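What follows is the content of my_file38.pdb, which has PDB, C-alpha atoms and all ligand atoms:
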ATOM      1  CA  MET A   1       0.000   0.000   0.000
ATOM      2  CA  PRO A   2       1.465   3.465  -0.915
ATOM      3  CA  GLN A   3       2.035   5.922   1.980
ATOM      4  CA  GLU A   4       0.759   8.925   0.030
ATOM      5  CA  ILE A   5      -1.180   9.422  -3.193
ATOM      6  CA  GLU A   6      -1.047  12.403  -5.548
ATOM      7  CA  LYS A   7      -4.496  13.992  -5.848
ATOM      8  CA  TYR A   8      -3.703  17.203  -7.756
ATOM      9  CA  SER A   9      -0.684  17.614 -10.060
ATOM     10  CA  LYS A  10       1.510  20.718  -9.872
ATOM     11  CA  PRO A  11      -0.067  22.468 -12.925
ATOM     12  CA  THR A  12      -3.560  21.883 -11.483
ATOM     13  CA  ARG A  13      -2.511  23.338  -8.141
ATOM     14  CA  ILE A  14      -0.908  26.360  -9.814
ATOM     15  CA  LEU A  15      -4.120  26.948 -11.811
ATOM     16  CA  HIS A  16      -6.136  26.721  -8.571
ATOM     17  CA  TRP A  17      -4.003  29.298  -6.742
ATOM     18  CA  VAL A  18      -3.855  31.685  -9.705
ATOM     19  CA  HIS A  19      -7.641  31.425 -10.088
ATOM     20  CA  LEU A  20      -8.104  31.896  -6.363
ATOM     21  CA  VAL A  21      -6.211  35.227  -6.401
ATOM     22  CA  ALA A  22      -7.977  36.402  -9.591
ATOM     23  CA  PHE A  23     -11.407  35.370  -8.284
ATOM     24  CA  CYS A  24     -10.923  37.055  -4.900
ATOM     25  CA  LEU A  25      -9.876  40.305  -6.653
ATOM     26  CA  LEU A  26     -12.866  40.026  -9.007
ATOM     27  CA  PHE A  27     -15.147  39.384  -6.039
ATOM     28  CA  LEU A  28     -13.864  42.307  -3.942
ATOM     29  CA  THR A  29     -13.775  44.835  -6.807
ATOM     30  CA  GLY A  30     -17.156  43.499  -8.009
ATOM     31  CA  LEU A  31     -18.540  44.079  -4.505
ATOM     32  CA  VAL A  32     -17.481  47.728  -4.686
ATOM     33  CA  LEU A  33     -19.243  48.096  -8.058
ATOM     34  CA  PHE A  34     -22.300  46.209  -6.790
ATOM     35  CA  ILE A  35     -22.946  48.148  -3.562
ATOM     36  CA  PRO A  36     -23.487  51.848  -4.344
ATOM     37  CA  GLN A  37     -22.574  52.863  -0.756
ATOM     38  CA  LEU A  38     -19.061  51.487  -1.365
ATOM     39  CA  GLY A  39     -18.673  53.852  -4.347
ATOM     40  CA  ILE A  40     -16.419  56.023  -2.180
ATOM     41  CA  LEU A  41     -13.785  53.241  -2.424
ATOM     42  CA  ALA A  42     -13.931  53.297  -6.217
ATOM     43  CA  GLN A  43     -12.490  56.774  -6.711
ATOM     44  CA  ASP A  44     -10.469  57.166  -9.933
ATOM     45  CA  SER A  45     -12.050  53.909 -11.149
ATOM     46  CA  TRP A  46      -9.181  51.797  -9.795
ATOM     47  CA  THR A  47     -11.658  49.023  -8.932
ATOM     48  CA  ARG A  48     -12.743  48.894 -12.596
ATOM     49  CA  VAL A  49      -9.105  48.642 -13.721
ATOM     50  CA  ILE A  50      -8.277  45.881 -11.217
ATOM     51  CA  HIS A  51     -11.506  44.064 -12.157
ATOM     52  CA  ARG A  52     -10.428  44.025 -15.797
ATOM     53  CA  ILE A  53      -6.814  42.965 -15.058
ATOM     54  CA  ALA A  54      -8.049  40.117 -12.810
ATOM     55  CA  ALA A  55     -10.580  39.119 -15.499
ATOM     56  CA  VAL A  56      -7.761  38.752 -18.035
ATOM     57  CA  VAL A  57      -5.830  36.513 -15.609
ATOM     58  CA  PHE A  58      -9.024  34.521 -14.899
ATOM     59  CA  ILE A  59      -9.528  33.898 -18.638
ATOM     60  CA  VAL A  60      -5.911  33.393 -19.745
ATOM     61  CA  ALA A  61      -4.863  30.951 -16.964
ATOM     62  CA  PRO A  62      -7.135  28.084 -18.123
ATOM     63  CA  LEU A  63      -6.329  28.852 -21.767
ATOM     64  CA  ILE A  64      -2.670  28.106 -20.966
ATOM     65  CA  TYR A  65      -3.483  25.146 -18.703
ATOM     66  CA  ILE A  66      -5.970  23.300 -20.944
ATOM     67  CA  PRO A  67      -3.812  22.477 -24.005
ATOM     68  CA  MET A  68      -0.875  21.554 -21.753
ATOM     69  CA  ASN A  69      -3.025  19.262 -19.564
ATOM     70  CA  TRP A  70      -5.567  17.976 -22.021
ATOM     71  CA  LYS A  71      -6.041  14.498 -20.497
ATOM     72  CA  ALA A  72      -6.636  15.886 -17.010
ATOM     73  CA  THR A  73      -9.003  18.540 -18.404
ATOM     74  CA  LYS A  74     -11.096  15.935 -20.253
ATOM     75  CA  ARG A  75     -11.236  13.739 -17.163
ATOM     76  CA  GLY A  76     -12.176  16.709 -14.947
ATOM     77  CA  ILE A  77     -14.986  17.847 -17.242
ATOM     78  CA  LYS A  78     -16.347  14.306 -17.517
ATOM     79  CA  LEU A  79     -16.320  14.064 -13.717
ATOM     80  CA  ALA A  80     -18.278  17.309 -13.284
ATOM     81  CA  PHE A  81     -21.065  16.005 -15.531
ATOM     82  CA  SER A  82     -21.183  12.362 -14.331
ATOM     83  CA  TRP A  83     -23.775  11.842 -11.626
ATOM     84  CA  GLY A  84     -25.022   8.525 -10.208
ATOM     85  CA  ALA A  85     -26.685   6.729  -7.291
ATOM     86  CA  ASP A  86     -23.692   7.320  -4.998
ATOM     87  CA  ASP A  87     -24.184  11.071  -5.412
ATOM     88  CA  ILE A  88     -27.779  10.794  -4.220
ATOM     89  CA  GLY A  89     -26.503   8.662  -1.320
ATOM     90  CA  TRP A  90     -23.906  11.354  -0.506
ATOM     91  CA  LEU A  91     -26.532  14.121  -0.506
ATOM     92  CA  GLN A  92     -28.699  12.087   1.888
ATOM     93  CA  ALA A  93     -25.800  11.182   4.196
ATOM     94  CA  ALA A  94     -23.998  14.579   4.102
ATOM     95  CA  PRO A  95     -25.930  16.384   6.899
ATOM     96  CA  ARG A  96     -25.301  13.542   9.393
ATOM     97  CA  TYR A  97     -21.680  13.289   8.248
ATOM     98  CA  TYR A  98     -20.721  16.984   8.362
ATOM     99  CA  PHE A  99     -22.743  17.924  11.473
ATOM    100  CA  LEU A 100     -22.508  14.723  13.548
ATOM    101  CA  GLY A 101     -19.425  12.988  12.142
ATOM    102  CA  ASP A 102     -21.457   9.871  11.236
ATOM    103  CA  GLU A 103     -19.450   8.111   8.477
ATOM    104  CA  LYS A 104     -21.475   4.875   8.300
ATOM    105  CA  SER A 105     -23.992   5.865   5.633
ATOM    106  CA  MET A 106     -21.477   7.688   3.404
ATOM    107  CA  PRO A 107     -21.221   5.860   0.049
ATOM    108  CA  PRO A 108     -17.669   5.497  -1.356
ATOM    109  CA  GLN A 109     -16.602   8.550  -3.384
ATOM    110  CA  GLY A 110     -14.454   9.098  -6.470
ATOM    111  CA  HIS A 111     -11.591  11.582  -6.999
ATOM    112  CA  MET A 112     -13.961  14.357  -5.852
ATOM    113  CA  ASN A 113     -16.881  13.782  -3.488
ATOM    114  CA  THR A 114     -20.367  14.948  -4.517
ATOM    115  CA  GLY A 115     -20.027  18.299  -2.717
ATOM    116  CA  GLN A 116     -16.678  18.978  -4.405
ATOM    117  CA  LYS A 117     -18.183  17.952  -7.739
ATOM    118  CA  MET A 118     -21.016  20.417  -7.203
ATOM    119  CA  TRP A 119     -18.516  23.232  -6.618
ATOM    120  CA  TRP A 120     -16.428  22.135  -9.612
ATOM    121  CA  PHE A 121     -19.599  22.031 -11.771
ATOM    122  CA  MET A 122     -20.480  25.564 -10.630
ATOM    123  CA  VAL A 123     -16.964  26.799 -11.341
ATOM    124  CA  ILE A 124     -17.259  25.584 -14.959
ATOM    125  CA  VAL A 125     -20.825  26.811 -15.607
ATOM    126  CA  PHE A 126     -20.585  30.149 -13.788
ATOM    127  CA  GLY A 127     -17.021  30.693 -15.061
ATOM    128  CA  ILE A 128     -18.367  30.600 -18.629
ATOM    129  CA  ILE A 129     -21.308  32.855 -17.657
ATOM    130  CA  PHE A 130     -18.942  35.382 -16.021
ATOM    131  CA  VAL A 131     -16.699  35.473 -19.072
ATOM    132  CA  ILE A 132     -19.515  35.897 -21.641
ATOM    133  CA  THR A 133     -21.498  38.508 -19.689
ATOM    134  CA  GLY A 134     -18.316  40.301 -18.536
ATOM    135  CA  LEU A 135     -16.875  40.578 -22.053
ATOM    136  CA  VAL A 136     -20.185  41.962 -23.384
ATOM    137  CA  MET A 137     -20.232  44.538 -20.552
ATOM    138  CA  TRP A 138     -16.622  45.411 -21.260
ATOM    139  CA  PHE A 139     -16.567  45.615 -25.044
ATOM    140  CA  ALA A 140     -20.175  46.049 -26.203
ATOM    141  CA  LYS A 141     -21.233  48.994 -24.037
ATOM    142  CA  GLY A 142     -23.182  51.308 -26.364
ATOM    143  CA  ALA A 143     -23.073  48.779 -29.224
ATOM    144  CA  ALA A 144     -25.392  46.143 -27.680
ATOM    145  CA  PRO A 145     -29.097  47.037 -27.267
ATOM    146  CA  ALA A 146     -29.787  48.520 -23.806
ATOM    147  CA  ALA A 147     -32.048  45.591 -22.820
ATOM    148  CA  VAL A 148     -29.337  43.034 -23.711
ATOM    149  CA  PHE A 149     -26.794  45.023 -21.733
ATOM    150  CA  GLN A 150     -29.109  45.155 -18.715
ATOM    151  CA  TRP A 151     -29.591  41.388 -18.892
ATOM    152  CA  MET A 152     -25.808  40.871 -18.975
ATOM    153  CA  VAL A 153     -25.408  43.000 -15.830
ATOM    154  CA  PHE A 154     -28.270  41.120 -14.150
ATOM    155  CA  VAL A 155     -26.883  37.649 -14.992
ATOM    156  CA  HIS A 156     -23.338  38.749 -13.978
ATOM    157  CA  ASP A 157     -24.779  39.893 -10.631
ATOM    158  CA  ILE A 158     -26.660  36.601 -10.074
ATOM    159  CA  ALA A 159     -23.463  34.641 -10.828
ATOM    160  CA  PHE A 160     -21.613  36.907  -8.353
ATOM    161  CA  ILE A 161     -24.153  36.283  -5.569
ATOM    162  CA  VAL A 162     -24.335  32.496  -6.111
ATOM    163  CA  THR A 163     -20.594  31.820  -6.488
ATOM    164  CA  GLY A 164     -19.668  34.346  -3.788
ATOM    165  CA  THR A 165     -21.919  32.543  -1.305
ATOM    166  CA  MET A 166     -20.687  29.081  -2.306
ATOM    167  CA  LEU A 167     -17.057  30.243  -2.076
ATOM    168  CA  PHE A 168     -17.464  30.686   1.690
ATOM    169  CA  LEU A 169     -18.710  27.089   1.962
ATOM    170  CA  HIS A 170     -15.793  25.925  -0.227
ATOM    171  CA  ILE A 171     -13.298  27.716   2.041
ATOM    172  CA  TYR A 172     -14.970  26.386   5.199
ATOM    173  CA  LEU A 173     -14.914  22.770   3.974
ATOM    174  CA  GLY A 174     -11.444  23.019   2.414
ATOM    175  CA  VAL A 175      -9.742  24.758   5.341
ATOM    176  CA  PHE A 176     -11.712  24.697   8.595
ATOM    177  CA  HIS A 177     -13.952  21.621   8.817
ATOM    178  CA  PRO A 178     -12.298  19.096  11.200
ATOM    179  CA  LEU A 179     -13.263  16.057   9.073
ATOM    180  CA  MET A 180     -11.579  17.591   6.019
ATOM    181  CA  ALA A 181      -8.279  18.328   7.743
ATOM    182  CA  SER A 182      -6.185  16.890   4.884
ATOM    183  CA  ALA A 183      -7.999  18.838   2.142
ATOM    184  CA  TRP A 184      -5.681  21.824   2.509
ATOM    185  CA  ASP A 185      -2.652  19.554   2.032
ATOM    186  CA  THR A 186      -4.167  18.275  -1.205
ATOM    187  CA  MET A 187      -4.082  21.725  -2.750
ATOM    188  CA  VAL A 188      -0.726  22.731  -1.223
ATOM    189  CA  ARG A 189       1.435  19.626  -1.637
ATOM    190  CA  GLY A 190      -0.902  17.783  -4.007
ATOM    191  CA  LYS A 191      -0.791  14.615  -1.887
ATOM    192  CA  VAL A 192      -2.996  12.867   0.652
ATOM    193  CA  SER A 193      -2.235   9.921   2.904
ATOM    194  CA  ALA A 194      -3.429   6.547   1.584
ATOM    195  CA  GLU A 195      -5.608   6.272   4.703
ATOM    196  CA  TYR A 196      -7.360   9.578   3.960
ATOM    197  CA  ALA A 197      -7.823   8.604   0.301
ATOM    198  CA  LYS A 198      -9.337   5.268   1.315
ATOM    199  CA  ALA A 199     -11.685   6.805   3.892
ATOM    200  CA  HIS A 200     -12.805   9.870   1.884
ATOM    201  CA  HIS A 201     -12.447   8.814  -1.744
ATOM    202  CA  GLY A 202     -12.868   5.016  -1.662
ATOM    203  CA  LYS A 203     -13.701   4.547  -5.365
ATOM    204  CA  TRP A 204     -10.755   6.711  -6.460
ATOM    205  CA  TYR A 205      -8.432   4.849  -4.058
ATOM    206  CA  GLU A 206      -9.452   1.571  -5.730
ATOM    207  CA  GLU A 207      -8.683   3.037  -9.194
ATOM    208  CA  VAL A 208      -5.269   4.314  -8.089
ATOM    209  CA  THR A 209      -4.218   1.116  -6.395
ATOM    210  CA  LYS A 210      -5.322  -0.935  -9.408
ATOM    211  CA  GLY A 211      -3.324   1.410 -11.686
ATOM    212  CA  LYS A 212      -6.365   2.523 -13.712
ATOM    213  CA  GLU A 213      -6.225   6.163 -12.738
ATOM    214  CA  VAL A 214      -5.379   9.110 -15.018
ATOM    215  CA  LYS A 215      -3.542  11.950 -13.207
ATOM    216  CA  SER A 216      -5.363  15.268 -12.700
TER     217      SER A 216
HETATM  218  C1  LIG B 301     -13.938  36.526 -15.645
HETATM  219  C2  LIG B 301     -14.388  37.416 -16.403
HETATM  220  C3  LIG B 301     -15.034  38.712 -15.965
HETATM  221  C4  LIG B 301     -15.120  39.811 -16.760
HETATM  222  C5  LIG B 301     -14.583  39.951 -18.183
HETATM  223  C6  LIG B 301     -15.815  40.825 -15.997
HETATM  224  C7  LIG B 301     -16.088  42.096 -16.467
HETATM  225  C8  LIG B 301     -16.849  43.025 -15.825
HETATM  226  C9  LIG B 301     -17.136  44.339 -16.333
HETATM  227  C10 LIG B 301     -16.621  44.919 -17.633
HETATM  228  C11 LIG B 301     -17.926  44.959 -15.430
HETATM  229  C12 LIG B 301     -18.480  46.379 -15.511
HETATM  230  C13 LIG B 301     -17.569  47.250 -14.706
HETATM  231  C14 LIG B 301     -17.878  48.702 -14.874
HETATM  232  O1  LIG B 301     -18.940  49.149 -14.412
HETATM  233  O2  LIG B 301     -17.030  49.360 -15.458
HETATM  234  C15 LIG B 301     -18.138  44.032 -14.336
HETATM  235  C16 LIG B 301     -18.917  44.303 -13.225
HETATM  236  C17 LIG B 301     -19.055  43.434 -12.170
HETATM  237  N1  LIG B 301     -18.409  42.216 -11.992
HETATM  238 FE1  LIG B 301     -17.294  41.279 -13.370
HETATM  239  N2  LIG B 301     -16.132  40.319 -14.767
HETATM  240  C18 LIG B 301     -15.664  39.033 -14.686
HETATM  241  C19 LIG B 301     -15.745  38.189 -13.590
HETATM  242  C20 LIG B 301     -16.353  38.520 -12.411
HETATM  243  C21 LIG B 301     -16.351  37.698 -11.218
HETATM  244  C22 LIG B 301     -15.641  36.335 -11.090
HETATM  245  C23 LIG B 301     -17.078  38.359 -10.268
HETATM  246  C24 LIG B 301     -17.385  37.998  -8.843
HETATM  247  C25 LIG B 301     -17.150  36.867  -8.253
HETATM  248  C26 LIG B 301     -17.547  39.582 -10.860
HETATM  249  C27 LIG B 301     -18.370  40.506 -10.232
HETATM  250  C28 LIG B 301     -18.809  41.692 -10.791
HETATM  251  C29 LIG B 301     -19.778  42.585 -10.172
HETATM  252  C30 LIG B 301     -20.506  42.363  -8.849
HETATM  253  C31 LIG B 301     -19.922  43.677 -11.028
HETATM  254  C32 LIG B 301     -20.832  44.884 -10.812
HETATM  255  C33 LIG B 301     -22.061  44.748 -11.691
HETATM  256  C34 LIG B 301     -23.074  45.848 -11.416
HETATM  257  O3  LIG B 301     -22.783  46.997 -11.761
HETATM  258  O4  LIG B 301     -24.124  45.529 -10.839
HETATM  259  N3  LIG B 301     -17.075  39.655 -12.154
HETATM  260  N4  LIG B 301     -17.464  42.850 -14.599
HETATM  261  C1  LIG B 302      -9.542  31.453  -0.404
HETATM  262  C2  LIG B 302     -10.090  30.722  -1.345
HETATM  263  C3  LIG B 302      -9.918  29.243  -1.576
HETATM  264  C4  LIG B 302      -9.406  28.272  -0.754
HETATM  265  C5  LIG B 302      -8.841  28.423   0.643
HETATM  266  C6  LIG B 302      -9.484  27.023  -1.484
HETATM  267  C7  LIG B 302      -9.051  25.801  -1.017
HETATM  268  C8  LIG B 302      -9.192  24.602  -1.672
HETATM  269  C9  LIG B 302      -8.778  23.305  -1.177
HETATM  270  C10 LIG B 302      -8.097  23.068   0.161
HETATM  271  C11 LIG B 302      -9.120  22.363  -2.101
HETATM  272  C12 LIG B 302      -8.860  20.842  -2.024
HETATM  273  C13 LIG B 302     -10.063  20.106  -1.525
HETATM  274  C14 LIG B 302      -9.894  18.587  -1.669
HETATM  275  O1  LIG B 302      -9.618  18.118  -2.775
HETATM  276  O2  LIG B 302     -10.063  17.868  -0.674
HETATM  277  C15 LIG B 302      -9.738  23.055  -3.201
HETATM  278  C16 LIG B 302     -10.257  22.437  -4.315
HETATM  279  C17 LIG B 302     -10.838  23.101  -5.361
HETATM  280  N1  LIG B 302     -10.957  24.468  -5.504
HETATM  281 FE1  LIG B 302     -10.499  25.857  -4.128
HETATM  282  N2  LIG B 302     -10.035  27.268  -2.717
HETATM  283  C18 LIG B 302     -10.315  28.607  -2.805
HETATM  284  C19 LIG B 302     -10.850  29.277  -3.867
HETATM  285  C20 LIG B 302     -11.238  28.673  -5.049
HETATM  286  C21 LIG B 302     -11.754  29.386  -6.202
HETATM  287  C22 LIG B 302     -11.922  30.911  -6.272
HETATM  288  C23 LIG B 302     -12.034  28.461  -7.148
HETATM  289  C24 LIG B 302     -12.574  28.652  -8.538
HETATM  290  C25 LIG B 302     -12.367  29.694  -9.282
HETATM  291  C26 LIG B 302     -11.701  27.154  -6.590
HETATM  292  C27 LIG B 302     -11.868  25.957  -7.244
HETATM  293  C28 LIG B 302     -11.581  24.731  -6.697
HETATM  294  C29 LIG B 302     -11.909  23.459  -7.351
HETATM  295  C30 LIG B 302     -12.652  23.308  -8.687
HETATM  296  C31 LIG B 302     -11.441  22.446  -6.512
HETATM  297  C32 LIG B 302     -11.593  20.935  -6.722
HETATM  298  C33 LIG B 302     -12.949  20.513  -6.214
HETATM  299  C34 LIG B 302     -13.066  20.639  -4.735
HETATM  300  O3  LIG B 302     -12.246  20.042  -4.018
HETATM  301  O4  LIG B 302     -13.984  21.356  -4.254
HETATM  302  N3  LIG B 302     -11.214  27.327  -5.312
HETATM  303  N4  LIG B 302      -9.775  24.414  -2.920
END

Could you quickly redo this structure as structure tokens?
Ligand code: HEM
Ligand code: HEM
Amino acid sequence: MPQEIEKYSKPTRILHWVHLVAFCLLFLTGLVLFIPQLGILAQDSWTRVIHRIAAVVFIVAPLIYIPMNWKATKRGIKLAFSWGADDIGWLQAAPRYYFLGDEKSMPPQGHMNTGQKMWWFMVIVFGIIFVITGLVMWFAKGAAPAAVFQWMVFVHDIAFIVTGTMLFLHIYLGVFHPLMASAWDTMVRGKVSAEYAKAHHGKWYEEVTKGKEVKS
């Protein structure tokens, strides 16, 4: 049995941290644009400039990552859109697991558990929504019909509220929840102990130990 197993490769971890910084800047500068009372902080439009610089980083980082890590990208996208009975089981067992520490009814999970898959799914879907609506707001102001522009702002705002809220849950589960103590290590060093992999990601552990796994 291996002592440790690689969960996220170095390029995947770099993409995560770059996206994290870009997203946090987009979120904070977006907040200033969103709440009129914070307008005082936006003097000289520096928030607009930072929002646009962070948006470029947010868009370019995956464009560099994807062609260089095509296999992992394909596997990741497939994972986000593959849902089965174990996911329903996870959703039913999750409240007892996260609030009471009851592991018995937790079905075995793959490389990402259902909750992580849900976040990953949102990152893909809302990431695309942010980019499309943001680019229209950036480059088609005046050119697009006013109603279309208003819709873009509205959808951008909804994406901001949904992902902003879920980000707090992502941070809580990834950093602070006692049962997920090794999660942080996964994104820093890329590795988890074999014990943690077996307990938290049983199906993935089986794939790795049988040599069927593709690295992500
Ligand atoms: C990734 C591509 C993105 C692009 C190209 C983009 C672009 C833009 C642009 C051009 C504006 C209008 C700014 C202005 O008034 O001058 C804007 C507003 C805004 N953005 Fe983004 N953005 C992106 C991602 C994000 C993300 C990830 C968030 C938050 C998590 C976010 C939150 C906001 C908010 C809250 C506003 C204010 C909208 C309003 O006026 O109600 N944006 N964005
Ligand atoms: C301060 C902010 C953040 C922290 C502390 C954080 C931390 C983490 C950690 C520890 C993991 C590993 C969890 C595991 O595999 O057990 C992770 C995974 C992940 N993170 Fe983040 N992250 C942050 C922001 C973000 C942002 C902004 C995005 C998207 C733009 C993102 C996307 C992901 C994805 C897709 C995964 C894999 C699925 C998952 O484990 O949920 N993260 N993050």

Could you write out as a list of chain:residue names the residues that the PyMOL selection byres (((chain A and resi 200) around 8) and not hetatm) matches in the shown file? A:Pro108, A:Gln109, A:Asn113, A:Tyr196, A:Ala197, A:Lys198, A:Ala199, A:His201, A:Gly202

Please report the interatomic distance between atom CA of Val131 of chain A and atom C9 of ligand LIG 302 (chain B) in Å with one decimal. 23.0 Å

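All residues of protein, DNA or RNA that reach within 12 Å of Trp120 of chain A, judged by only C-alpha atoms and not counting those fewer than 3 positions away in the chain, are His16, Gly76, Ile77, Lys78, Leu79, Ala80, Phe81, Ser82, His111, Met112, Asn113, Thr114, Gly115, Gln116, Lys117, Val123, Ile124, Val125, Phe126, Gly127, Thr163, Met166, Leu167 and His170 of chain A.
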
Which residues form the shell of 8 Å around ligand LIG 302 (chain B) when you count only C-alpha atoms and all ligand atoms, given as number ranges by chain? A: 7-8, 16-17, 19-24, 112-113, 115-121, 123, 127, 167-168, 170-175, 180, 182-188

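Relative to atom CA of Phe34 of chain A, atom O3 of ligand LIG 301 (chain B) is found at 5.1 Å.
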
Could you list, as a PyMOL selection string, all the residues within 9 Å of ligand LIG 301 (chain B), counting only C-alpha atoms and all ligand atoms? chain A and resi 22-36+45+47-49+51-59+126-139+141+153-154+156-164

Go ahead and write the residues just picked, C-alpha atoms, as an mmCIF file, in the frame of the given file.
data_model
loop_
_atom_site.group_PDB
_atom_site.id
_atom_site.type_symbol
_atom_site.label_atom_id
_atom_site.label_comp_id
_atom_site.auth_asym_id
_atom_site.auth_seq_id
_atom_site.Cartn_x
_atom_site.Cartn_y
_atom_site.Cartn_z
ATOM 1 C CA ALA A 22 -7.977 36.402 -9.591
ATOM 2 C CA PHE A 23 -11.407 35.370 -8.284
ATOM 3 C CA CYS A 24 -10.923 37.055 -4.900
ATOM 4 C CA LEU A 25 -9.876 40.305 -6.653
ATOM 5 C CA LEU A 26 -12.866 40.026 -9.007
ATOM 6 C CA PHE A 27 -15.147 39.384 -6.039
ATOM 7 C CA LEU A 28 -13.864 42.307 -3.942
ATOM 8 C CA THR A 29 -13.775 44.835 -6.807
ATOM 9 C CA GLY A 30 -17.156 43.499 -8.009
ATOM 10 C CA LEU A 31 -18.540 44.079 -4.505
ATOM 11 C CA VAL A 32 -17.481 47.728 -4.686
ATOM 12 C CA LEU A 33 -19.243 48.096 -8.058
ATOM 13 C CA PHE A 34 -22.300 46.209 -6.790
ATOM 14 C CA ILE A 35 -22.946 48.148 -3.562
ATOM 15 C CA PRO A 36 -23.487 51.848 -4.344
ATOM 16 C CA SER A 45 -12.050 53.909 -11.149
ATOM 17 C CA THR A 47 -11.658 49.023 -8.932
ATOM 18 C CA ARG A 48 -12.743 48.894 -12.596
ATOM 19 C CA VAL A 49 -9.105 48.642 -13.721
ATOM 20 C CA HIS A 51 -11.506 44.064 -12.157
ATOM 21 C CA ARG A 52 -10.428 44.025 -15.797
ATOM 22 C CA ILE A 53 -6.814 42.965 -15.058
ATOM 23 C CA ALA A 54 -8.049 40.117 -12.810
ATOM 24 C CA ALA A 55 -10.580 39.119 -15.499
ATOM 25 C CA VAL A 56 -7.761 38.752 -18.035
ATOM 26 C CA VAL A 57 -5.830 36.513 -15.609
ATOM 27 C CA PHE A 58 -9.024 34.521 -14.899
ATOM 28 C CA ILE A 59 -9.528 33.898 -18.638
ATOM 29 C CA PHE A 126 -20.585 30.149 -13.788
ATOM 30 C CA GLY A 127 -17.021 30.693 -15.061
ATOM 31 C CA ILE A 128 -18.367 30.600 -18.629
ATOM 32 C CA ILE A 129 -21.308 32.855 -17.657
ATOM 33 C CA PHE A 130 -18.942 35.382 -16.021
ATOM 34 C CA VAL A 131 -16.699 35.473 -19.072
ATOM 35 C CA ILE A 132 -19.515 35.897 -21.641
ATOM 36 C CA THR A 133 -21.498 38.508 -19.689
ATOM 37 C CA GLY A 134 -18.316 40.301 -18.536
ATOM 38 C CA LEU A 135 -16.875 40.578 -22.053
ATOM 39 C CA VAL A 136 -20.185 41.962 -23.384
ATOM 40 C CA MET A 137 -20.232 44.538 -20.552
ATOM 41 C CA TRP A 138 -16.622 45.411 -21.260
ATOM 42 C CA PHE A 139 -16.567 45.615 -25.044
ATOM 43 C CA LYS A 141 -21.233 48.994 -24.037
ATOM 44 C CA VAL A 153 -25.408 43.000 -15.830
ATOM 45 C CA PHE A 154 -28.270 41.120 -14.150
ATOM 46 C CA HIS A 156 -23.338 38.749 -13.978
ATOM 47 C CA ASP A 157 -24.779 39.893 -10.631
ATOM 48 C CA ILE A 158 -26.660 36.601 -10.074
ATOM 49 C CA ALA A 159 -23.463 34.641 -10.828
ATOM 50 C CA PHE A 160 -21.613 36.907 -8.353
ATOM 51 C CA ILE A 161 -24.153 36.283 -5.569
ATOM 52 C CA VAL A 162 -24.335 32.496 -6.111
ATOM 53 C CA THR A 163 -20.594 31.820 -6.488
ATOM 54 C CA GLY A 164 -19.668 34.346 -3.788
#

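Nearest-residue note for Glu207 of chain A: choosing from A:Gly110, A:Glu195, A:Arg189, A:Ala42, the minimum distance belongs to A:Gly110, counting all atoms listed in the file.
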
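Between atom CA of Glu103 of chain A and atom CA of Trp90 of chain A the interatomic distance comes to 10.5 Å.
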